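Scroll down for the structure; my scribbles are underneath it.
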Amino acid sequence: MSPQQMAPSVRRVAIIGGARIPFARADGPYATASNQQMLTAALDGLVERYGLQEPGAVGEFVAGAVLKHSRDFNLARETVLGSTLHPRTPAYDIQQACGTGLQAVIAAANKIALGQTESAVAGGADTASDAPLGVNDTLRRVLLETRRAKSAGARLKALAKVRPSHLVPDIPRNAEPRTGLSMGEHAAVTARAWNIGRAAQDELAEASHQRLAAAYERGFFQDLVIPFRGLARDQNLRPGSTVEKLASLKPVFGLDRPDPTMTAGNSTPLTDGAATVLLASEEWARERGLTPLAYLTAYETAAVDFVDGDVAGGEDGLLMAPAYAVPRMLERSGLDLADFELIEIHEAFASQVLATLAAWEKRGLGTVDRDRLNVAGSSLATGHPFAATGARIVATLAKLLAERDAPARGLISVCAAGGQGVTAILERAGR
C-alpha cells in the first residue's frame with residue numbers, strides 16, 4: 001500500500017448548533033453552582049435539542065475549565081455521567097486559558113475530519129464564584145512532612161511548625177506568574193503602546209451591549225441559550241449603556257501612568273457560565289436530517305514572548321498573539337480580511353480588541369468595518385467565563401452565518417493568558 005493510499009482523507013466538519021446557559025456575574029445567581037453543574041446544564045440543553053440521548057449518538061465530549069478544584073480533575077467525563085448524554089460516551093478535559101473552548105472545538109473537529117468519529121460535543125465552563133482555595137504552601141509542606149513521619153513524636157514535631165499565618169488560604173490571582181501583573185495591567189501597557197484612547201474603548205463597549213440586546217430582542221438566542229437558576233439572559237448585559245455613561249466610570253487599570261483609559265465598563269467582569277457546541281460529519285448530519293449552520297475550515301494558534309519580548313512596543317503584549325496567528329492562518333488559506341463577512345474578536349478588554357485591529361492593519365491585512373465586527377455583541381456585554389467563551393463564539397458565529405442566504409465566511413480571534421491566541425475560520429455554504 002502506498003503512502004497516498006494509507007493517508008486518511010480529510011472531511012468537512014459541520015457545526016450543527018450550540019447551547020449555553022446565560023452568563024452571570026461572579027458571586028451572583030450562580031455563586032453556589034460548580035463547573036460541573038453549569039456544564040451539565042449546557043450539555044443537557046444540547047442533548048435535548050438535538051435528540052442525542054441514545055447510545056453512540058455522540059462520539060466523544062471534550063471540554064475544560066480554567067479555575068478547577070481538585071475534584072474537577074475529570075470534569076468532562078463526570079459531566080457526561082451526570083447528564084442525559086449516554087454514559088458510554090467517552091470524554092476528556094482540555095485547557096488553554098481563555099482559548100479553552102475554541103481549542104476543545106478544534107480537538108473534536110480534528111477527529112471528525114480524520115474519520116475517527118462522526119460526531120462530538122465541545123465546550124467549557126468556569127466559575128469565578130466557586131474558585132478553588134489552595135492550602136497555604138508552607139502549611140502544605142508541613143502536612144506532607146507530618147504524613148511522612150514515622151512516629152508520633154516526629155509527627156508532633158512537624159505539626160509544631162504550624163503558625164497562624166499558615167492558615168490563610170491561597171486565593172487564585174488574576175496575574176501572570178512570570179510578571180506578577182494582572183491581565184488588565186498587561187492590557188494597559190498594550191493600550192499605551194498602540195495609542196488606544198478612552199473614547200474608542202467606550203464606543204466599542206457601548207456597541208457590544210447594544211448589539212447583544214438587539215440580538216436578544218429579535219429572538220436570536222432563543223435556541224442557543226438555556227435558562228438556568230432564574231436567568232434567561234446574560235446578567236452583565238446593560239441595554240442602556242451609552243458612551244456618556246461609560247465615560248463617567250473611573251479607570252481601574254494602568255493607574256501607574258498618566259491618563260489611564262481602562263475602566264470596569266470597557267473591560268470584562270469576572271463571570272460564571274458554560275457553553276457547548278455540537279460538531280459532526282456531513283454524513284452524520286444528513287442521516288439525522290440536520291442542516292449544518294457552518295463548517296470549521298481552518299484554525300491556527302500562536303504565542304508571544306510577553307516576558308522578554310517587545311512588550312513596550314506593543315508587538316509582544318500579553319494578549320497580542322492573534323496578531324500573529326491570524327496572518328499565518330489567512331496566508332495558508334489564501335484569504336485576507338476583506339474575504340470575511342463577519343469577524344468575531346473576543347472582547348477581553350476593548351483596548352485589546354482595538355490593538356489587535358491596529359496590528360492586523362499594520363501587518364497589511366486591511367481594516368475591519370465595524371458593521372462586520374461582533375455584530376451580536378461579545379464578551380464586554382455577555383461576560384467571560386474563561387473556558388466557555390470559545391464555544392459561545394463558535395455557536396454564535398455559526399448561526400449568524402446560517403442566517404445568510406449566500407456563502408459567507410467568519411473569522412474568530414481569541415486571546416488567552418500566557419501570551420497565547422487561538423483563531424479559526426467558519427464558512428457557510430450557500431443554501
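Ordering of the C-alpha cells sets the chain letters (A, B, ...), residue numbers begin anew at 1 in every chain, and ligands are numbered from 1 in the order given.
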Return as JSON lines the residues of segment 25-68 of chain A lying at most 12 Å from segment 384-407 of chain A, together with the closest atom-to-atom pair for each and the distance in Å to one decimal, counting only C-alpha atoms, with rows in chain order and ascending residue number.
{"residue": "A:Arg25", "atom": "CA", "partner": "A:His384", "partner_atom": "CA", "distance": 9.1}
{"residue": "A:Ala26", "atom": "CA", "partner": "A:Pro385", "partner_atom": "CA", "distance": 9.3}
{"residue": "A:Tyr30", "atom": "CA", "partner": "A:Pro385", "partner_atom": "CA", "distance": 11.8}
{"residue": "A:Asn35", "atom": "CA", "partner": "A:Ala387", "partner_atom": "CA", "distance": 10.2}
{"residue": "A:Met38", "atom": "CA", "partner": "A:Ala388", "partner_atom": "CA", "distance": 10.4}
{"residue": "A:Leu39", "atom": "CA", "partner": "A:Ala388", "partner_atom": "CA", "distance": 9.1}
{"residue": "A:Ala42", "atom": "CA", "partner": "A:Ala388", "partner_atom": "CA", "distance": 10.3}
{"residue": "A:Leu43", "atom": "CA", "partner": "A:Ala391", "partner_atom": "CA", "distance": 11.8}
{"residue": "A:Leu46", "atom": "CA", "partner": "A:Ala395", "partner_atom": "CA", "distance": 11.5}
{"residue": "A:Val62", "atom": "CA", "partner": "A:Ala391", "partner_atom": "CA", "distance": 11.2}
{"residue": "A:Ala63", "atom": "CA", "partner": "A:Ala387", "partner_atom": "CA", "distance": 8.2}
{"residue": "A:Gly64", "atom": "CA", "partner": "A:Ala387", "partner_atom": "CA", "distance": 6.3}
{"residue": "A:Ala65", "atom": "CA", "partner": "A:Ala387", "partner_atom": "CA", "distance": 5.1}
{"residue": "A:Val66", "atom": "CA", "partner": "A:Ala387", "partner_atom": "CA", "distance": 6.0}
{"residue": "A:Leu67", "atom": "CA", "partner": "A:Phe386", "partner_atom": "CA", "distance": 8.4}
{"residue": "A:Lys68", "atom": "CA", "partner": "A:Ala387", "partner_atom": "CA", "distance": 10.7}
Each residue of segment 311-356 of chain A lying at most 9 Å from segment 301-305 of chain A should get a row with its shortest atom-to-atom pair and the distance in Å to one decimal, counting only C-alpha atoms; could you produce that, ordered by chain and increasing number, as a Markdown table?
| residue | atom | partner | partner_atom | distance |
| --- | --- | --- | --- | --- |
| A:Val311 | CA | A:Asp305 | CA | 8.0 |
| A:Glu315 | CA | A:Val304 | CA | 8.2 |
| A:Asp316 | CA | A:Val304 | CA | 5.3 |
| A:Gly317 | CA | A:Val304 | CA | 7.3 |
| A:Leu318 | CA | A:Val304 | CA | 7.1 |
| A:Leu319 | CA | A:Val304 | CA | 8.4 |
| A:Met320 | CA | A:Val304 | CA | 7.1 |
| A:Ala321 | CA | A:Ala303 | CA | 5.1 |
| A:Pro322 | CA | A:Ala302 | CA | 6.8 |
| A:Ala323 | CA | A:Ala302 | CA | 8.7 |
| A:Tyr324 | CA | A:Ala302 | CA | 6.3 |
| A:Ala325 | CA | A:Ala302 | CA | 5.0 |
| A:Val326 | CA | A:Thr301 | CA | 8.4 |
| A:Met329 | CA | A:Thr301 | CA | 8.7 |
Export, as a compact mmCIF listing (two decimals), in the first residue's frame, the selected residues with N, CA, C and O atoms.
# COMPACT_ATOMS: atom_id res chain seq x y z
N VAL A 311 7.48 44.09 24.50
CA VAL A 311 6.22 44.37 25.19
C VAL A 311 5.90 45.86 25.15
O VAL A 311 4.78 46.27 24.82
N GLU A 315 4.31 44.82 20.30
CA GLU A 315 4.32 43.62 19.47
C GLU A 315 4.11 42.35 20.27
O GLU A 315 3.52 41.39 19.78
N ASP A 316 4.62 42.31 21.50
CA ASP A 316 4.53 41.11 22.32
C ASP A 316 3.69 41.33 23.57
O ASP A 316 3.96 40.74 24.62
N GLY A 317 2.69 42.17 23.47
CA GLY A 317 1.78 42.32 24.59
C GLY A 317 1.11 41.01 24.93
O GLY A 317 0.92 40.15 24.06
N LEU A 318 0.74 40.82 26.17
CA LEU A 318 0.21 39.56 26.66
C LEU A 318 -0.93 39.02 25.79
O LEU A 318 -1.01 37.81 25.55
N LEU A 319 -1.79 39.89 25.30
CA LEU A 319 -2.99 39.45 24.58
C LEU A 319 -2.89 39.67 23.07
O LEU A 319 -3.91 39.69 22.38
N MET A 320 -1.66 39.77 22.55
CA MET A 320 -1.47 40.09 21.14
C MET A 320 -1.15 38.90 20.24
O MET A 320 -0.85 39.09 19.06
N ALA A 321 -1.22 37.68 20.75
CA ALA A 321 -0.90 36.52 19.91
C ALA A 321 -1.78 36.40 18.66
O ALA A 321 -1.30 35.96 17.61
N PRO A 322 -3.08 36.78 18.71
CA PRO A 322 -3.87 36.72 17.47
C PRO A 322 -3.31 37.60 16.35
O PRO A 322 -3.61 37.36 15.18
N ALA A 323 -2.51 38.60 16.69
CA ALA A 323 -1.89 39.43 15.66
C ALA A 323 -0.89 38.64 14.84
O ALA A 323 -0.52 39.05 13.73
N TYR A 324 -0.44 37.50 15.37
CA TYR A 324 0.46 36.61 14.66
C TYR A 324 -0.29 35.41 14.08
O TYR A 324 -0.01 34.96 12.97
N ALA A 325 -1.25 34.88 14.83
CA ALA A 325 -1.97 33.68 14.38
C ALA A 325 -2.81 33.96 13.15
O ALA A 325 -2.83 33.16 12.20
N VAL A 326 -3.53 35.07 13.14
CA VAL A 326 -4.44 35.35 12.03
C VAL A 326 -3.70 35.55 10.71
O VAL A 326 -4.10 34.97 9.68
N MET A 329 -2.77 32.14 9.43
CA MET A 329 -3.93 31.37 9.01
C MET A 329 -4.46 31.89 7.67
O MET A 329 -4.82 31.09 6.79
Practice problem: Name all residues at most 7 Å from segment 369-381 of chain A (count only C-alpha atoms; drop same-chain ones fewer than 2 positions away) and give them as a VMD selection string. | Solution: chain A and resid 205 208 to 209 211 to 212 215 236 to 237 266 to 268 341 to 348 367 383 to 384
Exercise. Might you pull out every residue within 7 Å of Pro22 of chain A, with only C-alpha atoms counted and same-chain residues fewer than 3 positions away left off, and present them as an MDAnalysis selection string?
Key: chainID A and resid 225:228 231:234 273
Would you output that residue set with N, CA, C and O atoms, as a PDB file, in the first residue's frame?
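Output (result20.pdb):
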ATOM      1  N   VAL A 225     -29.515  29.741  24.061  1.00  0.00           N
ATOM      2  CA  VAL A 225     -29.359  29.987  25.499  1.00  0.00           C
ATOM      3  C   VAL A 225     -30.422  29.230  26.285  1.00  0.00           C
ATOM      4  O   VAL A 225     -31.624  29.344  26.007  1.00  0.00           O
ATOM      5  N   ILE A 226     -29.963  28.457  27.276  1.00  0.00           N
ATOM      6  CA  ILE A 226     -30.838  27.654  28.138  1.00  0.00           C
ATOM      7  C   ILE A 226     -31.000  28.359  29.487  1.00  0.00           C
ATOM      8  O   ILE A 226     -29.999  28.601  30.174  1.00  0.00           O
ATOM      9  N   PRO A 227     -32.210  28.713  29.912  1.00  0.00           N
ATOM     10  CA  PRO A 227     -32.378  29.351  31.227  1.00  0.00           C
ATOM     11  C   PRO A 227     -31.789  28.491  32.340  1.00  0.00           C
ATOM     12  O   PRO A 227     -31.873  27.259  32.298  1.00  0.00           O
ATOM     13  N   PHE A 228     -31.194  29.139  33.315  1.00  0.00           N
ATOM     14  CA  PHE A 228     -30.541  28.413  34.405  1.00  0.00           C
ATOM     15  C   PHE A 228     -30.578  29.266  35.667  1.00  0.00           C
ATOM     16  O   PHE A 228     -30.221  30.443  35.645  1.00  0.00           O
ATOM     17  N   LEU A 231     -32.004  32.814  35.518  1.00  0.00           N
ATOM     18  CA  LEU A 231     -31.534  33.719  34.468  1.00  0.00           C
ATOM     19  C   LEU A 231     -31.980  33.226  33.100  1.00  0.00           C
ATOM     20  O   LEU A 231     -31.899  32.036  32.808  1.00  0.00           O
ATOM     21  N   ALA A 232     -32.441  34.145  32.261  1.00  0.00           N
ATOM     22  CA  ALA A 232     -32.778  33.814  30.880  1.00  0.00           C
ATOM     23  C   ALA A 232     -31.914  34.593  29.907  1.00  0.00           C
ATOM     24  O   ALA A 232     -31.856  34.281  28.720  1.00  0.00           O
ATOM     25  N   ARG A 233     -31.231  35.632  30.410  1.00  0.00           N
ATOM     26  CA  ARG A 233     -30.314  36.429  29.597  1.00  0.00           C
ATOM     27  C   ARG A 233     -29.015  36.636  30.362  1.00  0.00           C
ATOM     28  O   ARG A 233     -28.965  36.483  31.575  1.00  0.00           O
ATOM     29  N   ASP A 234     -27.977  37.009  29.640  1.00  0.00           N
ATOM     30  CA  ASP A 234     -26.694  37.284  30.281  1.00  0.00           C
ATOM     31  C   ASP A 234     -26.840  38.431  31.268  1.00  0.00           C
ATOM     32  O   ASP A 234     -27.317  39.515  30.913  1.00  0.00           O
ATOM     33  N   GLY A 273     -20.275  30.675  33.992  1.00  0.00           N
ATOM     34  CA  GLY A 273     -21.093  30.202  32.873  1.00  0.00           C
ATOM     35  C   GLY A 273     -20.514  28.987  32.195  1.00  0.00           C
ATOM     36  O   GLY A 273     -19.423  28.516  32.538  1.00  0.00           O
TER      37      GLY A 273
END
Exercise. Using only C-alpha atoms, find the one residue out of A:Glu331, A:Glu60, A:Asp272, A:Asp72 that sits nearest to Tyr299 of chain A.
Key: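 Of A:Glu331, A:Glu60, A:Asp272, A:Asp72, the one nearest Tyr299 of chain A is A:Glu331, counting only C-alpha atoms.
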Exercise: Ala14 of chain A partners within 10 Å, only C-alpha atoms, chain neighbours under 3 positions left out, as a compact mmCIF listing (two decimals) with C-alpha atoms, in the first residue's frame:
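Written output follows (part_27.txt):
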# COMPACT_ATOMS: atom_id res chain seq x y z
CA ARG A 11 -13.66 15.54 5.69
CA GLY A 17 -25.62 24.02 16.81
CA ALA A 109 -13.08 18.72 14.80
CA ILE A 112 -14.19 14.17 12.80
CA ALA A 113 -12.08 15.44 9.90
CA SER A 119 -19.88 13.50 15.97
CA LEU A 278 -22.26 20.07 18.52
CA LEU A 279 -19.96 19.14 15.62
CA ALA A 280 -20.35 16.32 13.11
CA SER A 281 -19.52 14.93 9.71
CA GLU A 282 -21.83 15.87 6.86
CA GLU A 283 -22.94 12.24 6.63
CA TRP A 284 -23.96 12.15 10.29
CA ALA A 285 -25.94 15.37 9.90
CA THR A 291 -28.72 21.15 8.34
CA PRO A 292 -25.25 22.38 9.31
CA LEU A 293 -25.06 26.01 10.34
CA ALA A 294 -21.49 26.37 9.09
CA TYR A 295 -18.24 24.49 8.59
CA LEU A 296 -14.99 24.82 10.51
CA THR A 297 -12.38 25.11 7.76
CA ALA A 398 -22.20 29.70 13.03
CA LEU A 426 -16.01 29.28 9.74
CA GLU A 427 -17.68 29.09 6.36
CA ARG A 428 -21.33 28.90 5.38
Quiz prompt | Who sits within 12 Å of Glu54 of chain A, only C-alpha atoms, same chain under 6 positions skipped, as a list in words | solution =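 Once the adjacent positions are removed, what remains is Val47, Glu48, Thr84, Leu85, His86, Pro87, Arg88 and Thr89 of chain A.
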Self-check item: Spatial neighbours of Ser83 of chain A, 6 Å, only C-alpha atoms, chain gap at least 2 places, as an MDAnalysis selection string
Solution: chainID A and resid 40 44 80:81 85
Quiz item: So which one's closest to Asn136 of chain A, A:Ala429, A:Val10, A:Val162, A:Leu224? Using only C-alpha atoms, please.
Solution: A:Val162
Quiz item: Tell me, which residues of segment 196-367 of chain A carry DSSP alpha helix (DSSP H), written as a PyMOL selection string?
Solution: chain A and resi 198-217+243-247+282-287+322-333+350-362
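Put simply, atom CA of Ala125 of chain A is 26.4 Å away from atom CA of Thr179 of chain A.
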Quiz item: Which is closest to Phe349 of chain A among A:Arg238, A:Arg49, A:Arg198, A:Arg363, if we use only C-alpha atoms?
Solution: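 Of A:Arg238, A:Arg49, A:Arg198, A:Arg363, the one nearest Phe349 of chain A, counting only C-alpha atoms, is A:Arg198.
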Practice problem: State, in Å with one decimal place, the distance from atom CA of Val142 of chain A to atom CA of Arg155 of chain A. | Solution: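 We find that atom CA of Val142 of chain A and atom CA of Arg155 of chain A lie 9.6 Å from each other.
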Practice problem: Please identify which residues in segment 15-260 of chain A DSSP calls strand (DSSP E) from the backbone, and express them as a list in words. | Solution: Ile15, Ile16, Gly17, Gly18, Ala19, Arg20, Ala24, Arg25, Glu60, Phe61, Val62, Ala63, Gly64, Ala91, Tyr92, Asp93, Ser119, Ala120, Val121, Ala122, Gly123, Gly124, Ala125, Asp126, Pro251, Val252 and Phe253 of chain A
Quiz item: For the atom pair atom CA of Gly313 of chain A and atom CA of Ala200 of chain A, what is the interatomic distance in Å to one decimal place?
Solution: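 Distance between the two atoms: 20.1 Å.
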Quiz item: Which residue, A:Ala312, A:Val189, A:Ser241, A:Val121, has the smallest gap to Asp256 of chain A when you use only C-alpha atoms?
Solution: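 Checking each candidate against Asp256 of chain A, we get A:Val189 as the closest.
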